[in-house]
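Comments concern the structure below.
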2 protein chains.
Amino acid sequence: MTGPKPLSNLMEQFQKLPGIGRKTAERLAFHILKADIKDVARFAESLRDVKEKVSLCSVCGSLTELDPCAICSDPERNKGVICVVEEPHDVFAVERIGEFTGVYHVLMGVLSPLDGVGPEELRIGELVARVEKGGVDEVIVATNPNVEGEATGMYIAKILGGKNTLVTRIARGLPMGGDLEYADEVTLSKAIIGRLKM
Amino acid sequence: MTGPKPLSNLMEQFQKLPGIGRKTAERLAFHILKADIKDVARFAESLRDVKEKVSLCSVCGSLTELDPCAICSDPERNKGVICVVEEPHDVFAVERIGEFTGVYHVLMGVLSPLDGVGPEELRIGELVARVEKGGVDEVIVATNPNVEGEATGMYIAKILGGKNTLVTRIARGLPMGGDLEYADEVTLSKAIIGRLKM
């Protein structure tokens, strides 16, 4: 027995979330039980809201309430620079630094032949169409620095080659606060290859 | 910017839960975004259900959908033995071992003069009333083995003294799988005092 049915139901629901085990689910369910009824109603409401009100921008593919998204429809943003990322949440990571003034293009994944993800499964065709429409000076490939991300970046560079648009890749090197001694060989090698004049 | 408003709302809600920080809240909110809409509706539903359908048993104070609870209204349970615990979730902990056949009494806390919790704030009066109604052979004090739990246990033993009911305390000693070498002095002392004939 784990208590009344609604309580064990809620524990089950919490346990379905990533990284939440039985003990944590129990603790969270008891927290809800003691929480203010208004707060709980707000929580339930915001769960539904996310599913009902958030969709993908038809231009860049990032998460938005309105279509096109706030970034794509912002006249201040430079439409000539497109930052290509893997997932919608990567857009928020770049936005948080507050320095990028261009627009985005979300691929919705990376090339991964073993998982059956080819170029058709990604939003690469849409990227090519955006570039072919003209006015795009630079495409910054900001996929993750791992095997799939690098391969996807390479594929994009190849397919956009000869389209009169500069394709760049974000720098790979030692993270700030990192330590040369503990850096892996590949990162260190990338850091040396990508060195800049001081 | 952390994305569309409904998404950042949900992150905020997750962050209010105990032990959930910004990064985890973000991960959970994105999980909800990708989850099946039916699953999310069920989650929202179970949040409300817990607040609306779960209440406290008027006899023992444990969590229940019906009043009195399943344990108090079970004719198979021995009403002559009452296990006194601090919180409703302690009932589930004892129930999980599946060996206790008596009934419960939840105190809803422990004596803690510094926090302004005296006997009137706890369900001690209700316990005395249950014992005075008669038919109670034994009261097992299963408060937590810490300063407040011990003090509360002692207070209950004193107030029930002379009421013709045996008051017992759960054993304090080395936990199973524990190690004599690493046991603290108080636990080891309790283990020796509480030794049993083999």
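How things are named: the first chain in the structure tokens is A, the next is B, and so on; residues count from 1 in each chain; ligands count from 1 in the order shown.
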
Report as a PDB file with N, CA and C atoms, in the first residue's frame all protein, DNA and RNA residues lying within 10 Å of segment 19-27 of chain A, evaluated on only C-alpha atoms, omitting residues in the same chain fewer than 4 positions from it.
```
ATOM      1  N   THR A   2       0.546   2.179  -0.855  1.00  0.00           N
ATOM      2  CA  THR A   2       1.245   3.459  -0.863  1.00  0.00           C
ATOM      3  C   THR A   2       0.223   4.565  -0.701  1.00  0.00           C
ATOM      4  N   LEU A   7      -3.148   9.648  -4.658  1.00  0.00           N
ATOM      5  CA  LEU A   7      -1.764   9.923  -4.271  1.00  0.00           C
ATOM      6  C   LEU A   7      -0.796   9.016  -5.023  1.00  0.00           C
ATOM      7  N   SER A   8      -1.118   7.709  -5.098  1.00  0.00           N
ATOM      8  CA  SER A   8      -0.212   6.802  -5.803  1.00  0.00           C
ATOM      9  C   SER A   8      -0.242   7.079  -7.305  1.00  0.00           C
ATOM     10  N   LEU A  10      -0.503  10.078  -8.604  1.00  0.00           N
ATOM     11  CA  LEU A  10       0.360  11.235  -8.793  1.00  0.00           C
ATOM     12  C   LEU A  10       1.833  10.824  -8.713  1.00  0.00           C
ATOM     13  N   MET A  11       2.143   9.916  -7.772  1.00  0.00           N
ATOM     14  CA  MET A  11       3.520   9.417  -7.668  1.00  0.00           C
ATOM     15  C   MET A  11       3.952   8.766  -8.981  1.00  0.00           C
ATOM     16  N   GLU A  12       3.051   7.962  -9.551  1.00  0.00           N
ATOM     17  CA  GLU A  12       3.329   7.312 -10.840  1.00  0.00           C
ATOM     18  C   GLU A  12       3.624   8.344 -11.922  1.00  0.00           C
ATOM     19  N   GLN A  13       2.811   9.402 -11.949  1.00  0.00           N
ATOM     20  CA  GLN A  13       2.988  10.444 -12.955  1.00  0.00           C
ATOM     21  C   GLN A  13       4.334  11.138 -12.790  1.00  0.00           C
ATOM     22  N   PHE A  14       4.686  11.433 -11.547  1.00  0.00           N
ATOM     23  CA  PHE A  14       5.987  12.077 -11.306  1.00  0.00           C
ATOM     24  C   PHE A  14       7.126  11.146 -11.715  1.00  0.00           C
ATOM     25  N   GLN A  15       6.937   9.845 -11.461  1.00  0.00           N
ATOM     26  CA  GLN A  15       7.992   8.884 -11.767  1.00  0.00           C
ATOM     27  C   GLN A  15       8.238   8.744 -13.260  1.00  0.00           C
ATOM     28  N   HIS A  31       4.596  16.827  -1.298  1.00  0.00           N
ATOM     29  CA  HIS A  31       4.697  18.286  -1.370  1.00  0.00           C
ATOM     30  C   HIS A  31       3.414  18.864  -1.971  1.00  0.00           C
ATOM     31  N   ILE A  32       2.951  18.252  -3.055  1.00  0.00           N
ATOM     32  CA  ILE A  32       1.719  18.715  -3.707  1.00  0.00           C
ATOM     33  C   ILE A  32       0.540  18.616  -2.742  1.00  0.00           C
ATOM     34  N   LEU A  33       0.513  17.531  -1.998  1.00  0.00           N
ATOM     35  CA  LEU A  33      -0.576  17.294  -1.046  1.00  0.00           C
ATOM     36  C   LEU A  33      -0.653  18.424  -0.023  1.00  0.00           C
TER      37      LEU A  33
ATOM     38  N   LEU B  17       9.015  23.106  -6.853  1.00  0.00           N
ATOM     39  CA  LEU B  17       9.023  21.808  -6.172  1.00  0.00           C
ATOM     40  C   LEU B  17      10.337  21.636  -5.419  1.00  0.00           C
ATOM     41  N   PRO B  18      10.306  20.911  -4.306  1.00  0.00           N
ATOM     42  CA  PRO B  18      11.528  20.776  -3.508  1.00  0.00           C
ATOM     43  C   PRO B  18      12.602  19.978  -4.245  1.00  0.00           C
ATOM     44  N   GLY B  19      13.829  20.483  -4.227  1.00  0.00           N
ATOM     45  CA  GLY B  19      14.959  19.762  -4.814  1.00  0.00           C
ATOM     46  C   GLY B  19      15.059  19.896  -6.322  1.00  0.00           C
ATOM     47  N   THR B  24      17.060  21.396 -13.973  1.00  0.00           N
ATOM     48  CA  THR B  24      16.132  20.265 -13.951  1.00  0.00           C
ATOM     49  C   THR B  24      14.745  20.723 -14.384  1.00  0.00           C
ATOM     50  N   ARG B  27      14.659  20.898 -18.059  1.00  0.00           N
ATOM     51  CA  ARG B  27      14.624  19.566 -18.655  1.00  0.00           C
ATOM     52  C   ARG B  27      13.208  18.977 -18.548  1.00  0.00           C
ATOM     53  N   LEU B  28      12.590  19.140 -17.380  1.00  0.00           N
ATOM     54  CA  LEU B  28      11.246  18.597 -17.184  1.00  0.00           C
ATOM     55  C   LEU B  28      10.227  19.303 -18.087  1.00  0.00           C
ATOM     56  N   HIS B  89       2.852   9.988   6.010  1.00  0.00           N
ATOM     57  CA  HIS B  89       3.629   9.066   5.161  1.00  0.00           C
ATOM     58  C   HIS B  89       4.323   7.972   5.957  1.00  0.00           C
TER      59      HIS B  89
END
```

Practice task
Find the residues near segment 92-109 of chain B: any atom within 6 Å, counting only C-alpha atoms, skip ones fewer than 6 places away on the same chain, and give them as a ChimeraX atom specification.
Solution key: /A:2 /B:60-61,77-79,81-86,122-123

Practice task
Name the residues of chain B that come out as strand (DSSP E or B) in a backbone DSSP run; write them as a list in words.
Solution key: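 Going through chain B, the strand (DSSP E or B) residues come out as Ser55, Leu56, Leu63, Thr64, Asn78, Lys79, Gly80, Val81, Ile82, Cys83, Val84, Val85, Gly102, Val103, Tyr104, His105, Val106, Ser112, Val117, Glu138, Val139, Ile140, Val141, Leu166, Val167, Thr168 and Arg169 of chain B.
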
Practice task
Would you work out the distance separating atom CA of Lys5 of chain A from atom CA of Phe30 of chain B, expressed in Å to one decimal?
Solution key: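 Going from atom CA of Lys5 of chain A over to atom CA of Phe30 of chain B, I get 27.7 Å.
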
Exercise for the section: Step one, run DSSP on the backbone; step two, keep only residues of segment 50-99 of chain A assigned to helix (DSSP H, G or I); then write them as a ChimeraX atom specification. Expected result: /A:50-53,88-97

Practice task
Could you give me, as a list in words, the residues within 8 Å of Thr165 of chain A, counting only C-alpha atoms and dropping anything in the same chain fewer than 5 positions from it?
Solution key: Val131, Val136, Asp137, Glu138, Val139 and Leu160 of chain A

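Of the residues under consideration (A:Gly3, A:Asn146, A:Val50, A:Leu114), A:Gly3 shows the shortest atom-to-atom contact distance to Thr64 of chain B when counting only C-alpha atoms.
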
Problem - Using only C-alpha atoms: which of A:Val147, A:Ala29, A:Met176, A:Ala171 has the shortest distance to Arg195 of chain A - result: A:Ala171
